[in-house]
>>> print(open('structure-v6.pdb').read())   # PDB, C-alpha atoms
ATOM      1  CA  MET A1143     -63.113  -6.672  49.759
ATOM      2  CA  ALA A1144     -64.221  -9.818  51.609
ATOM      3  CA  LEU A1145     -62.980  -8.279  54.880
ATOM      4  CA  THR A1146     -64.997  -5.145  54.129
ATOM      5  CA  TYR A1147     -68.172  -7.174  53.601
ATOM      6  CA  LEU A1148     -67.488  -9.088  56.832
ATOM      7  CA  CYS A1149     -67.231  -5.763  58.682
ATOM      8  CA  LEU A1150     -70.579  -4.680  57.198
ATOM      9  CA  VAL A1151     -72.189  -7.882  58.490
ATOM     10  CA  LEU A1152     -70.604  -7.463  61.934
ATOM     11  CA  ILE A1153     -71.967  -3.915  62.125
ATOM     12  CA  GLN A1154     -75.520  -5.252  61.841
ATOM     13  CA  PHE A1155     -74.905  -7.854  64.563
ATOM     14  CA  CYS A1156     -73.400  -5.184  66.813
ATOM     15  CA  TYR A1157     -76.444  -2.968  66.380
ATOM     16  CA  ALA A1158     -79.104  -5.684  66.565
ATOM     17  CA  ILE A1159     -78.252  -7.851  69.555
ATOM     18  CA  PRO A1160     -77.468  -5.057  72.077
ATOM     19  CA  LEU A1161     -80.578  -3.198  70.850
ATOM     20  CA  VAL A1162     -82.842  -6.108  71.770
ATOM     21  CA  VAL A1163     -81.099  -6.918  75.046
ATOM     22  CA  SER A1164     -81.162  -3.253  76.108
ATOM     23  CA  GLN A1165     -84.951  -3.409  76.501
ATOM     24  CA  VAL A1166     -84.401  -5.435  79.685
ATOM     25  CA  ALA A1167     -82.163  -2.754  81.233
ATOM     26  CA  LEU A1168     -84.480   0.071  80.110
ATOM     27  CA  GLU A1169     -87.162  -1.346  82.408
ATOM     28  CA  GLN A1170     -85.063  -0.093  85.350
ATOM     29  CA  ILE A1171     -82.781   2.619  83.916
ATOM     30  CA  PRO A1172     -84.223   5.824  82.367
ATOM     31  CA  PHE A1173     -83.244   5.926  78.696
ATOM     32  CA  LEU A1174     -81.411   9.291  78.844
ATOM     33  CA  LEU A1175     -79.235   8.107  81.724
ATOM     34  CA  PHE A1176     -78.820   4.748  80.002
ATOM     35  CA  THR A1177     -77.568   6.458  76.836
ATOM     36  CA  GLU A1178     -75.144   8.774  78.658
ATOM     37  CA  ILE A1179     -73.542   5.862  80.504
ATOM     38  CA  SER A1180     -73.256   3.916  77.244
ATOM     39  CA  PHE A1181     -71.422   6.854  75.588
ATOM     40  CA  ILE A1182     -68.999   7.116  78.497
ATOM     41  CA  ALA A1183     -68.363   3.359  78.293
ATOM     42  CA  ALA A1184     -67.766   3.608  74.529
ATOM     43  CA  PHE A1185     -65.367   6.550  74.941
ATOM     44  CA  VAL A1186     -63.407   4.825  77.727
ATOM     45  CA  PHE A1187     -63.145   1.722  75.535
ATOM     46  CA  LEU A1188     -61.948   3.582  72.420
ATOM     47  CA  LEU A1189     -59.598   6.178  73.933
ATOM     48  CA  PRO A1190     -56.749   3.770  74.860
ATOM     49  CA  LEU A1191     -56.997   2.158  71.402
ATOM     50  CA  ALA A1192     -56.720   5.532  69.671
ATOM     51  CA  MET A1193     -53.795   6.638  71.838
ATOM     52  CA  MET A1194     -51.825   3.409  71.410
ATOM     53  CA  LYS A1195     -52.648   2.623  67.770
ATOM     54  CA  GLU A1196     -52.888   5.982  65.963
ATOM     55  CA  LYS A1197     -51.233   8.413  68.404
ATOM     56  CA  VAL A1198     -52.929  11.456  66.860
ATOM     57  CA  LYS A1199     -52.357  14.816  68.561
ATOM     58  CA  TRP A1200     -55.873  16.156  69.088
ATOM     59  CA  THR A1201     -54.619  19.765  69.164
ATOM     60  CA  LYS A1202     -53.535  19.435  65.532
ATOM     61  CA  ILE A1203     -56.766  17.969  64.114
ATOM     62  CA  GLY A1204     -58.038  21.400  63.080
ATOM     63  CA  LYS A1205     -61.323  23.310  63.470
ATOM     64  CA  LYS A1206     -62.725  22.121  60.122
ATOM     65  CA  ASN A1207     -62.260  18.445  61.005
ATOM     66  CA  TYR A1208     -63.651  19.008  64.497
ATOM     67  CA  GLY A1209     -66.717  20.621  62.918
ATOM     68  CA  LYS A1210     -67.310  17.562  60.737
ATOM     69  CA  LEU A1211     -66.822  15.213  63.699
ATOM     70  CA  PHE A1212     -69.253  17.282  65.784
ATOM     71  CA  VAL A1213     -71.985  16.942  63.151
ATOM     72  CA  LYS A1214     -71.344  13.193  62.909
ATOM     73  CA  GLY A1215     -71.539  12.839  66.679
ATOM     74  CA  LEU A1216     -74.748  14.867  66.784
ATOM     75  CA  LEU A1217     -76.382  12.690  64.112
ATOM     76  CA  ILE A1218     -75.241   9.178  64.991
ATOM     77  CA  ASN A1219     -75.088   9.518  68.774
ATOM     78  CA  VAL A1220     -77.534  12.150  69.988
ATOM     79  CA  LEU A1221     -80.400  12.217  67.475
ATOM     80  CA  LEU A1222     -80.187   8.544  66.473
ATOM     81  CA  ASN A1223     -80.142   7.269  70.060
ATOM     82  CA  VAL A1224     -82.910   9.577  71.219
ATOM     83  CA  PHE A1225     -85.201   8.511  68.378
ATOM     84  CA  LEU A1226     -84.262   4.843  68.625
ATOM     85  CA  LEU A1227     -84.570   4.501  72.393
ATOM     86  CA  LEU A1228     -87.862   6.443  72.361
ATOM     87  CA  GLY A1229     -89.030   4.149  69.577
ATOM     88  CA  ILE A1230     -88.242   0.863  71.295
ATOM     89  CA  SER A1231     -89.912   2.218  74.439
ATOM     90  CA  HIS A1232     -93.213   2.499  72.530
ATOM     91  CA  THR A1233     -93.090  -0.438  70.121
ATOM     92  CA  SER A1234     -91.908  -4.045  69.937
ATOM     93  CA  ALA A1235     -88.419  -5.195  68.974
ATOM     94  CA  THR A1236     -89.776  -7.000  65.922
ATOM     95  CA  ALA A1237     -91.546  -3.847  64.736
ATOM     96  CA  THR A1238     -88.297  -1.950  65.282
ATOM     97  CA  GLY A1239     -86.499  -4.463  63.106
ATOM     98  CA  ILE A1240     -88.934  -4.255  60.234
ATOM     99  CA  ILE A1241     -89.053  -0.457  60.248
ATOM    100  CA  ASN A1242     -85.260  -0.453  60.163
ATOM    101  CA  SER A1243     -85.592  -2.453  56.954
ATOM    102  CA  SER A1244     -86.433   0.808  55.209
ATOM    103  CA  ALA A1245     -82.846   1.977  55.768
ATOM    104  CA  PRO A1246     -81.527   0.551  52.450
ATOM    105  CA  ALA A1247     -84.282   2.321  50.530
ATOM    106  CA  VAL A1248     -83.743   5.615  52.342
ATOM    107  CA  ILE A1249     -79.975   5.435  51.788
ATOM    108  CA  LEU A1250     -80.452   4.618  48.099
ATOM    109  CA  ILE A1251     -82.707   7.641  47.609
ATOM    110  CA  LEU A1252     -80.479  10.042  49.554
ATOM    111  CA  SER A1253     -77.324   8.772  47.857
ATOM    112  CA  PHE A1254     -78.944   9.477  44.479
ATOM    113  CA  PHE A1255     -79.716  13.098  45.370
ATOM    114  CA  PHE A1256     -76.649  13.969  47.448
ATOM    115  CA  LEU A1257     -73.913  11.631  46.178
ATOM    116  CA  ARG A1258     -75.170  11.181  42.597
ATOM    117  CA  GLU A1259     -75.005   7.387  42.892
ATOM    118  CA  ARG A1260     -77.086   5.706  40.190
ATOM    119  CA  ILE A1261     -80.300   3.825  40.985
ATOM    120  CA  LYS A1262     -80.859   0.856  38.689
ATOM    121  CA  SER A1263     -84.259  -0.673  37.949
ATOM    122  CA  LEU A1264     -83.556  -3.590  40.310
ATOM    123  CA  SER A1265     -82.615  -1.126  43.040
ATOM    124  CA  PHE A1266     -85.883   0.735  42.496
ATOM    125  CA  LEU A1267     -87.808  -2.542  42.859
ATOM    126  CA  ALA A1268     -85.843  -3.241  46.032
ATOM    127  CA  ILE A1269     -86.964   0.137  47.379
ATOM    128  CA  ILE A1270     -90.628  -0.689  46.710
ATOM    129  CA  LEU A1271     -90.329  -4.040  48.478
ATOM    130  CA  ALA A1272     -88.574  -2.516  51.483
ATOM    131  CA  VAL A1273     -91.243   0.155  51.833
ATOM    132  CA  ALA A1274     -93.943  -2.520  51.483
ATOM    133  CA  GLY A1275     -92.377  -4.471  54.327
ATOM    134  CA  VAL A1276     -92.380  -1.364  56.508
ATOM    135  CA  ALA A1277     -96.004  -0.536  55.679
ATOM    136  CA  ILE A1278     -97.224  -4.055  56.420
ATOM    137  CA  GLN A1279     -95.527  -4.192  59.806
ATOM    138  CA  SER A1280     -96.291  -0.638  60.854
ATOM    139  CA  PHE A1281     -99.983  -0.531  60.000
ATOM    140  CA  ILE A1282    -101.504  -3.965  59.382
ATOM    141  CA  SER A1283     -99.882  -5.606  62.417
ATOM    142  CA  LEU A1284    -100.859  -2.864  64.888
ATOM    143  CA  GLY A1285    -103.915  -4.825  65.923
ATOM    144  CA  ASP A1286    -101.955  -8.060  66.300
ATOM    145  CA  SER A1287     -99.258  -6.660  68.613
ATOM    146  CA  PRO A1288    -100.331  -4.705  71.729
ATOM    147  CA  ASN A1289     -96.723  -3.527  72.134
ATOM    148  CA  SER A1290     -96.735  -1.656  68.817
ATOM    149  CA  SER A1291     -97.838   1.966  68.320
ATOM    150  CA  LEU A1292     -97.738   4.536  65.559
ATOM    151  CA  LEU A1293     -95.789   6.890  67.834
ATOM    152  CA  GLY A1294     -93.105   4.255  68.440
ATOM    153  CA  ASP A1295     -92.951   3.408  64.742
ATOM    154  CA  LEU A1296     -92.527   7.118  63.905
ATOM    155  CA  PHE A1297     -89.603   7.494  66.306
ATOM    156  CA  VAL A1298     -87.891   4.417  64.870
ATOM    157  CA  PHE A1299     -88.310   5.732  61.316
ATOM    158  CA  LEU A1300     -86.828   9.090  62.374
ATOM    159  CA  ALA A1301     -83.861   7.090  63.655
ATOM    160  CA  VAL A1302     -83.560   5.482  60.222
ATOM    161  CA  LEU A1303     -83.524   8.912  58.549
ATOM    162  CA  THR A1304     -80.877  10.147  60.985
ATOM    163  CA  GLN A1305     -78.638   7.160  60.325
ATOM    164  CA  ALA A1306     -79.020   7.636  56.576
ATOM    165  CA  PHE A1307     -78.059  11.313  56.796
ATOM    166  CA  PHE A1308     -75.057  10.361  58.936
ATOM    167  CA  LEU A1309     -73.866   7.963  56.234
ATOM    168  CA  ILE A1310     -74.388  10.504  53.443
ATOM    169  CA  PHE A1311     -72.636  13.238  55.424
ATOM    170  CA  SER A1312     -69.716  10.918  56.262
ATOM    171  CA  LYS A1313     -69.281   9.992  52.592
ATOM    172  CA  LYS A1314     -69.572  13.561  51.309
ATOM    173  CA  PHE A1315     -67.635  15.338  54.063
ATOM    174  CA  ALA A1316     -65.001  12.871  55.248
ATOM    175  CA  ALA A1317     -62.735  14.191  58.018
ATOM    176  CA  ASP A1318     -58.982  13.853  57.582
ATOM    177  CA  VAL A1319     -58.676  11.853  60.806
ATOM    178  CA  PRO A1320     -57.815   8.122  61.314
ATOM    179  CA  PRO A1321     -60.829   5.850  62.007
ATOM    180  CA  ILE A1322     -60.198   4.956  65.663
ATOM    181  CA  THR A1323     -59.570   8.584  66.603
ATOM    182  CA  THR A1324     -62.653   9.590  64.603
ATOM    183  CA  ALA A1325     -64.821   7.077  66.460
ATOM    184  CA  THR A1326     -63.369   8.176  69.815
ATOM    185  CA  ILE A1327     -64.093  11.871  69.216
ATOM    186  CA  VAL A1328     -67.592  11.076  67.914
ATOM    187  CA  MET A1329     -68.285   9.142  71.132
ATOM    188  CA  LEU A1330     -66.909  12.040  73.201
ATOM    189  CA  VAL A1331     -69.252  14.438  71.366
ATOM    190  CA  GLY A1332     -72.164  12.184  72.252
ATOM    191  CA  ALA A1333     -71.122  11.970  75.911
ATOM    192  CA  ILE A1334     -70.746  15.767  76.203
ATOM    193  CA  LEU A1335     -74.008  16.651  74.433
ATOM    194  CA  PHE A1336     -75.954  14.014  76.349
ATOM    195  CA  LEU A1337     -74.507  14.933  79.760
ATOM    196  CA  PRO A1338     -77.226  17.476  80.724
ATOM    197  CA  LEU A1339     -79.940  14.988  79.740
ATOM    198  CA  GLY A1340     -78.210  12.204  81.675
ATOM    199  CA  ILE A1341     -77.936  14.414  84.765
ATOM    200  CA  MET A1342     -81.608  15.340  84.432
ATOM    201  CA  ASP A1343     -82.573  11.662  84.337
ATOM    202  CA  GLY A1344     -80.133  10.681  87.099
ATOM    203  CA  TYR A1345     -81.134  13.433  89.523
ATOM    204  CA  LYS A1346     -83.048  11.939  92.456
ATOM    205  CA  PHE A1347     -82.868   8.560  90.707
ATOM    206  CA  ASP A1348     -82.629   5.518  92.977
ATOM    207  CA  TRP A1349     -79.355   4.090  91.627
ATOM    208  CA  VAL A1350     -79.310   1.267  94.176
ATOM    209  CA  SER A1351     -82.598  -0.125  92.860
ATOM    210  CA  VAL A1352     -80.964  -1.118  89.559
ATOM    211  CA  SER A1353     -79.577  -4.642  89.467
ATOM    212  CA  THR A1354     -75.908  -5.204  88.679
ATOM    213  CA  SER A1355     -76.800  -7.173  85.562
ATOM    214  CA  ASN A1356     -78.631  -4.172  84.084
ATOM    215  CA  TRP A1357     -75.654  -1.875  84.680
ATOM    216  CA  VAL A1358     -73.534  -4.469  82.897
ATOM    217  CA  ILE A1359     -76.010  -4.501  80.008
ATOM    218  CA  ASP A1360     -75.689  -0.708  79.785
ATOM    219  CA  ILE A1361     -71.889  -0.920  79.563
ATOM    220  CA  ILE A1362     -72.065  -3.738  77.014
ATOM    221  CA  TYR A1363     -74.499  -1.663  74.961
ATOM    222  CA  GLY A1364     -71.996   1.186  75.011
ATOM    223  CA  VAL A1365     -69.104  -0.958  73.822
ATOM    224  CA  ALA A1366     -70.824  -3.466  71.515
ATOM    225  CA  GLY A1367     -73.742  -1.300  70.349
ATOM    226  CA  ASN A1368     -71.979   2.067  70.035
ATOM    227  CA  ALA A1369     -68.177   1.869  69.978
ATOM    228  CA  VAL A1370     -67.603  -1.243  67.855
ATOM    229  CA  PRO A1371     -70.129  -0.566  65.034
ATOM    230  CA  ILE A1372     -69.154   3.101  64.677
ATOM    231  CA  LEU A1373     -65.489   2.080  64.544
ATOM    232  CA  LEU A1374     -66.234  -0.489  61.833
ATOM    233  CA  TYR A1375     -68.280   2.124  59.943
ATOM    234  CA  PHE A1376     -65.319   4.484  59.758
ATOM    235  CA  PHE A1377     -63.081   1.638  58.578
ATOM    236  CA  VAL A1378     -65.312   0.682  55.629
ATOM    237  CA  ILE A1379     -67.093   3.915  54.734
ATOM    238  CA  LYS A1380     -64.417   4.996  52.237
ATOM    239  CA  LYS A1381     -64.138   1.561  50.614
ATOM    240  CA  VAL A1382     -67.713   0.917  49.438
ATOM    241  CA  PRO A1383     -70.541   3.054  47.984
ATOM    242  CA  ALA A1384     -73.351   4.220  50.239
ATOM    243  CA  THR A1385     -75.803   1.971  48.378
ATOM    244  CA  MET A1386     -73.826  -1.142  49.346
ATOM    245  CA  ILE A1387     -73.806  -0.110  53.007
ATOM    246  CA  GLY A1388     -77.556   0.381  52.731
ATOM    247  CA  ILE A1389     -78.025  -3.060  51.208
ATOM    248  CA  PHE A1390     -76.168  -4.727  54.070
ATOM    249  CA  GLY A1391     -78.323  -2.684  56.436
ATOM    250  CA  GLY A1392     -81.208  -4.864  55.279
ATOM    251  CA  LEU A1393     -79.728  -7.658  57.397
ATOM    252  CA  LEU A1394     -80.488  -5.699  60.569
ATOM    253  CA  PRO A1395     -84.235  -6.475  60.821
ATOM    254  CA  ILE A1396     -83.600 -10.173  60.253
ATOM    255  CA  ILE A1397     -81.020 -10.305  63.060
ATOM    256  CA  ILE A1398     -83.215  -8.207  65.378
ATOM    257  CA  THR A1399     -86.249 -10.391  64.720
ATOM    258  CA  VAL A1400     -84.421 -13.662  65.354
ATOM    259  CA  THR A1401     -82.875 -12.226  68.529
ATOM    260  CA  ALA A1402     -86.231 -10.917  69.769
ATOM    261  CA  VAL A1403     -87.948 -14.253  69.167
ATOM    262  CA  LEU A1404     -85.180 -16.235  70.874
ATOM    263  CA  ALA A1405     -84.400 -13.855  73.755
ATOM    264  CA  LEU A1406     -87.713 -12.127  74.471
ATOM    265  CA  GLY A1407     -90.212 -14.720  73.266
ATOM    266  CA  GLU A1408     -91.967 -12.348  70.870
ATOM    267  CA  PRO A1409     -94.440 -14.060  68.516
ATOM    268  CA  PHE A1410     -93.690 -14.916  64.901
ATOM    269  CA  THR A1411     -96.944 -13.691  63.318
ATOM    270  CA  VAL A1412     -98.089 -14.159  59.729
ATOM    271  CA  THR A1413     -97.761 -10.404  59.189
ATOM    272  CA  LEU A1414     -94.187 -10.523  60.393
ATOM    273  CA  ILE A1415     -93.341 -13.428  58.085
ATOM    274  CA  VAL A1416     -94.783 -11.571  55.059
ATOM    275  CA  SER A1417     -92.863  -8.431  56.015
ATOM    276  CA  LEU A1418     -89.613 -10.326  56.402
ATOM    277  CA  CYS A1419     -90.095 -11.982  53.010
ATOM    278  CA  CYS A1420     -90.395  -8.523  51.442
ATOM    279  CA  VAL A1421     -87.228  -7.430  53.225
ATOM    280  CA  VAL A1422     -85.208 -10.510  52.245
ATOM    281  CA  LEU A1423     -86.247 -10.180  48.604
ATOM    282  CA  SER A1424     -85.432  -6.477  48.725
ATOM    283  CA  VAL A1425     -81.924  -7.197  49.995
ATOM    284  CA  LEU A1426     -81.333  -9.888  47.349
ATOM    285  CA  LEU A1427     -82.450  -7.567  44.546
ATOM    286  CA  GLY A1428     -80.244  -4.804  45.907
ATOM    287  CA  VAL A1429     -77.197  -7.072  45.971
ATOM    288  CA  LEU A1430     -77.974  -8.262  42.443
ATOM    289  CA  ALA A1431     -78.287  -4.660  41.236
ATOM    290  CA  GLU A1432     -74.926  -3.744  42.782
ATOM    291  CA  THR A1433     -73.260  -6.846  41.272
ATOM    292  CA  ASN A1434     -74.608  -6.073  37.793
ATOM    293  CA  SER A1435     -73.473  -2.459  38.148
ATOM    294  CA  ASN A1436     -69.935  -3.540  39.048
ATOM    295  CA  LYS A1437     -69.825  -5.942  36.073
ATOM    296  CA  SER A1438     -71.009  -3.217  33.700
ATOM    297  CA  ASP A1439     -68.359  -0.817  35.004
ATOM    298  CA  ALA A1440     -65.683  -3.486  34.547
ATOM    299  CA  ILE A1441     -66.776  -4.180  30.939
ATOM    300  CA  LEU A1442     -66.787  -0.453  30.099
ATOM    301  CA  HIS A1443     -63.321  -0.125  31.595
ATOM    302  CA  GLU A1444     -61.988  -3.029  29.531
ATOM    303  CA  ASN A1445     -63.557  -1.650  26.325
ATOM    304  CA  TYR A1446     -61.975   1.715  27.036
ATOM    305  CA  LYS A1447     -58.571   0.108  27.493
ATOM    306  CA  ASP A1448     -58.930  -1.900  24.253
ATOM    307  CA  THR A1449     -59.981   1.232  22.339
ATOM    308  CA  LYS A1450     -57.058   3.181  23.747
ATOM    309  CA  ILE A1451     -54.580   0.436  22.821
ATOM    310  CA  SER A1452     -55.998   0.142  19.276
ATOM    311  CA  SER A1453     -55.699   3.861  18.683
TER     312      SER A1453
END
>>> encode(input="structure-v6.pdb", output="structure tokens")
Amino acid sequence: MALTYLCLVLIQFCYAIPLVVSQVALEQIPFLLFTEISFIAAFVFLLPLAMMKEKVKWTKIGKKNYGKLFVKGLLINVLLNVFLLLGISHTSATATGIINSSAPAVILILSFFFLRERIKSLSFLAIILAVAGVAIQSFISLGDSPNSSLLGDLFVFLAVLTQAFFLIFSKKFAADVPPITTATIVMLVGAILFLPLGIMDGYKFDWVSVSTSNWVIDIIYGVAGNAVPILLYFFVIKKVPATMIGIFGGLLPIIITVTAVLALGEPFTVTLIVSLCCVVLSVLLGVLAETNSNKSDAILHENYKDTKISS
């Protein structure tokens, strides 16, 4: 279980750091072209791993599994990246991080309705705190940060919803395909669906004007920001409840904020500090709720065993 938790932490690092650094490359590369190249890089990275490690014959995967993988690719690659890259183009990295802090709350709510996972009182309080953090950053701090906008915040929140639906769909409709092959096909779906948009952005684009370092950033984003986290997701998604994945998602805004401050020199405002405090407390309450739930389940299991033995 410790390895699973480590993977959940690594997922947040893989999403956060490339997300912040990508803003530099997006100053020269149109975001649709940027995304298409990142999908191709992710697919090229994963394909040899899938072929050597799992050796799955793609012709025998089946139409039903391909349908599930198509939906996953549409959600996590196409819709998520469009909303997220549009969002960070209209708002600051720190605002992006705080809005992403609503992900645990959104996942908790959706998991209750679609997966029938229980919401404890502490989890409900965590939801309130997460939403408070989002509201403070999205509305109160608009006047403090000229890089923030309601339009950008809306796009980022739509990305949060898309990621939450991807997680719920992956838990409820798991494909009978090994994780590396699953991640590879999901990346291929993204590359195929995004190809017309990438061509549209790349047509008559001055490719020579882009510095080599920004092309490298694009490739790194594809591998570290797309391939690696999605691969880790498919490794852990069957081992932990959706609520736990959502709780660890609360680490994302903290990592994004620290990276943005260190790499981009964004200010650490009072509003941001208050928002982050709400997020940190929300995450702690969520972890505590999950721990108490596991202890209660263990006690009920032991009582059931004792009753069965006595009878």
>>> closest_residue(input="structure-v6.pdb", among="A:Leu1426, A:Ala1167, A:Leu1374, A:Ile1269", to="A:Ser1180", atoms="only C-alpha atoms")
A:Ala1167
>>> residues_near_point(input="structure-v6.pdb", point="(-65.2, -1.2, 59.4)", cutoff="12 Å", atoms="all atoms listed in the file", output="JSON, numbers by chain")
{"A": [1143, 1144, 1145, 1146, 1147, 1148, 1149, 1150, 1151, 1152, 1153, 1154, 1156, 1321, 1322, 1325, 1369, 1370, 1371, 1372, 1373, 1374, 1375, 1376, 1377, 1378, 1379, 1380, 1381, 1382, 1387]}
>>> resolve_selection(input="structure-v6.pdb", expression="the PyMOL selection byres ((chain A and resi 1328) around 10)", output="ChimeraX atom specification")
/A:1181,1184-1185,1208,1210-1219,1322-1327,1329-1333,1369,1372-1373
>>> closest_residue(input="structure-v6.pdb", among="A:Phe1390, A:Phe1308, A:Phe1347, A:Phe1315", to="A:Val1220", atoms="all atoms listed in the file")
A:Phe1308
>>> atom_distance(input="structure-v6.pdb", atom1="atom CA of A:Leu1168", atom2="atom CA of A:Tyr1363")
11.4 Å
>>> closest_residue(input="structure-v6.pdb", among="A:Leu1335, A:Ala1317, A:Ala1247, A:Leu1430", to="A:Gly1209", atoms="only C-alpha atoms")
A:Ala1317
>>> atom_distance(input="structure-v6.pdb", atom1="atom CA of A:Gln1165", atom2="atom CA of A:Leu1394")
16.7 Å
>>> closest_residue(input="structure-v6.pdb", among="A:Leu1404, A:Ala1274, A:Ile1310, A:Leu1337", to="A:Ile1251", atoms="all atoms listed in the file")
A:Ile1310
>>> axis_aligned_box(input="structure-v6.pdb", around="stretch 1185-1202 of chain A", padding_each_side="5 Å", output="lines of an AutoDock Vina configuration file")
center_x = -58.3
center_y = 10.7
center_z = 71.6
size_x = 24.1
size_y = 28.0
size_z = 22.2
>>> atom_distance(input="structure-v6.pdb", atom1="atom CA of A:Ala1192", atom2="atom CA of A:Ile1179")
20.0 Å
>>> resolve_selection(input="structure-v6.pdb", expression="the PyMOL selection byres ((chain A and resi 1198) around 12)", output="compact mmCIF listing (two decimals) with C-alpha atoms, keeping the file's coordinate frame")
# COMPACT_ATOMS: atom_id res chain seq x y z
CA LEU A 1189 -59.60 6.18 73.93
CA PRO A 1190 -56.75 3.77 74.86
CA LEU A 1191 -57.00 2.16 71.40
CA ALA A 1192 -56.72 5.53 69.67
CA MET A 1193 -53.80 6.64 71.84
CA MET A 1194 -51.82 3.41 71.41
CA LYS A 1195 -52.65 2.62 67.77
CA GLU A 1196 -52.89 5.98 65.96
CA LYS A 1197 -51.23 8.41 68.40
CA LYS A 1199 -52.36 14.82 68.56
CA TRP A 1200 -55.87 16.16 69.09
CA THR A 1201 -54.62 19.76 69.16
CA LYS A 1202 -53.54 19.43 65.53
CA ILE A 1203 -56.77 17.97 64.11
CA GLY A 1204 -58.04 21.40 63.08
CA ASP A 1318 -58.98 13.85 57.58
CA VAL A 1319 -58.68 11.85 60.81
CA PRO A 1320 -57.82 8.12 61.31
CA PRO A 1321 -60.83 5.85 62.01
CA ILE A 1322 -60.20 4.96 65.66
CA THR A 1323 -59.57 8.58 66.60
CA THR A 1324 -62.65 9.59 64.60
CA THR A 1326 -63.37 8.18 69.82
CA ILE A 1327 -64.09 11.87 69.22
>>> resolve_selection(input="structure-v6.pdb", expression="the PyMOL selection byres ((chain A and resi 1353) around 12)", output="CSV table (one decimal) with C-alpha atoms, keeping the file's coordinate frame")
chain,number,residue,atom,x,y,z
A,1166,VAL,CA,-84.4,-5.4,79.7
A,1167,ALA,CA,-82.2,-2.8,81.2
A,1168,LEU,CA,-84.5,0.1,80.1
A,1169,GLU,CA,-87.2,-1.3,82.4
A,1170,GLN,CA,-85.1,-0.1,85.4
A,1171,ILE,CA,-82.8,2.6,83.9
A,1348,ASP,CA,-82.6,5.5,93.0
A,1349,TRP,CA,-79.4,4.1,91.6
A,1350,VAL,CA,-79.3,1.3,94.2
A,1351,SER,CA,-82.6,-0.1,92.9
A,1352,VAL,CA,-81.0,-1.1,89.6
A,1354,THR,CA,-75.9,-5.2,88.7
A,1355,SER,CA,-76.8,-7.2,85.6
A,1356,ASN,CA,-78.6,-4.2,84.1
A,1357,TRP,CA,-75.7,-1.9,84.7
A,1358,VAL,CA,-73.5,-4.5,82.9
A,1359,ILE,CA,-76.0,-4.5,80.0
A,1360,ASP,CA,-75.7,-0.7,79.8
>>> closest_residue(input="structure-v6.pdb", among="A:Asp1343, A:Leu1264, A:Leu1296, A:Thr1411", to="A:Thr1399", atoms="all atoms listed in the file")
A:Thr1411
>>> residues_around(input="structure-v6.pdb", residues="A:His1232", least_positions_apart="2", cutoff="6 Å", atoms="only C-alpha atoms", output="list of chain:residue names")
A:Gly1229, A:Ile1230, A:Gly1294
>>> closest_residue(input="structure-v6.pdb", among="A:Asn1223, A:Thr1385, A:Ser1291, A:Thr1233", to="A:Phe1266", atoms="only C-alpha atoms")
A:Thr1385
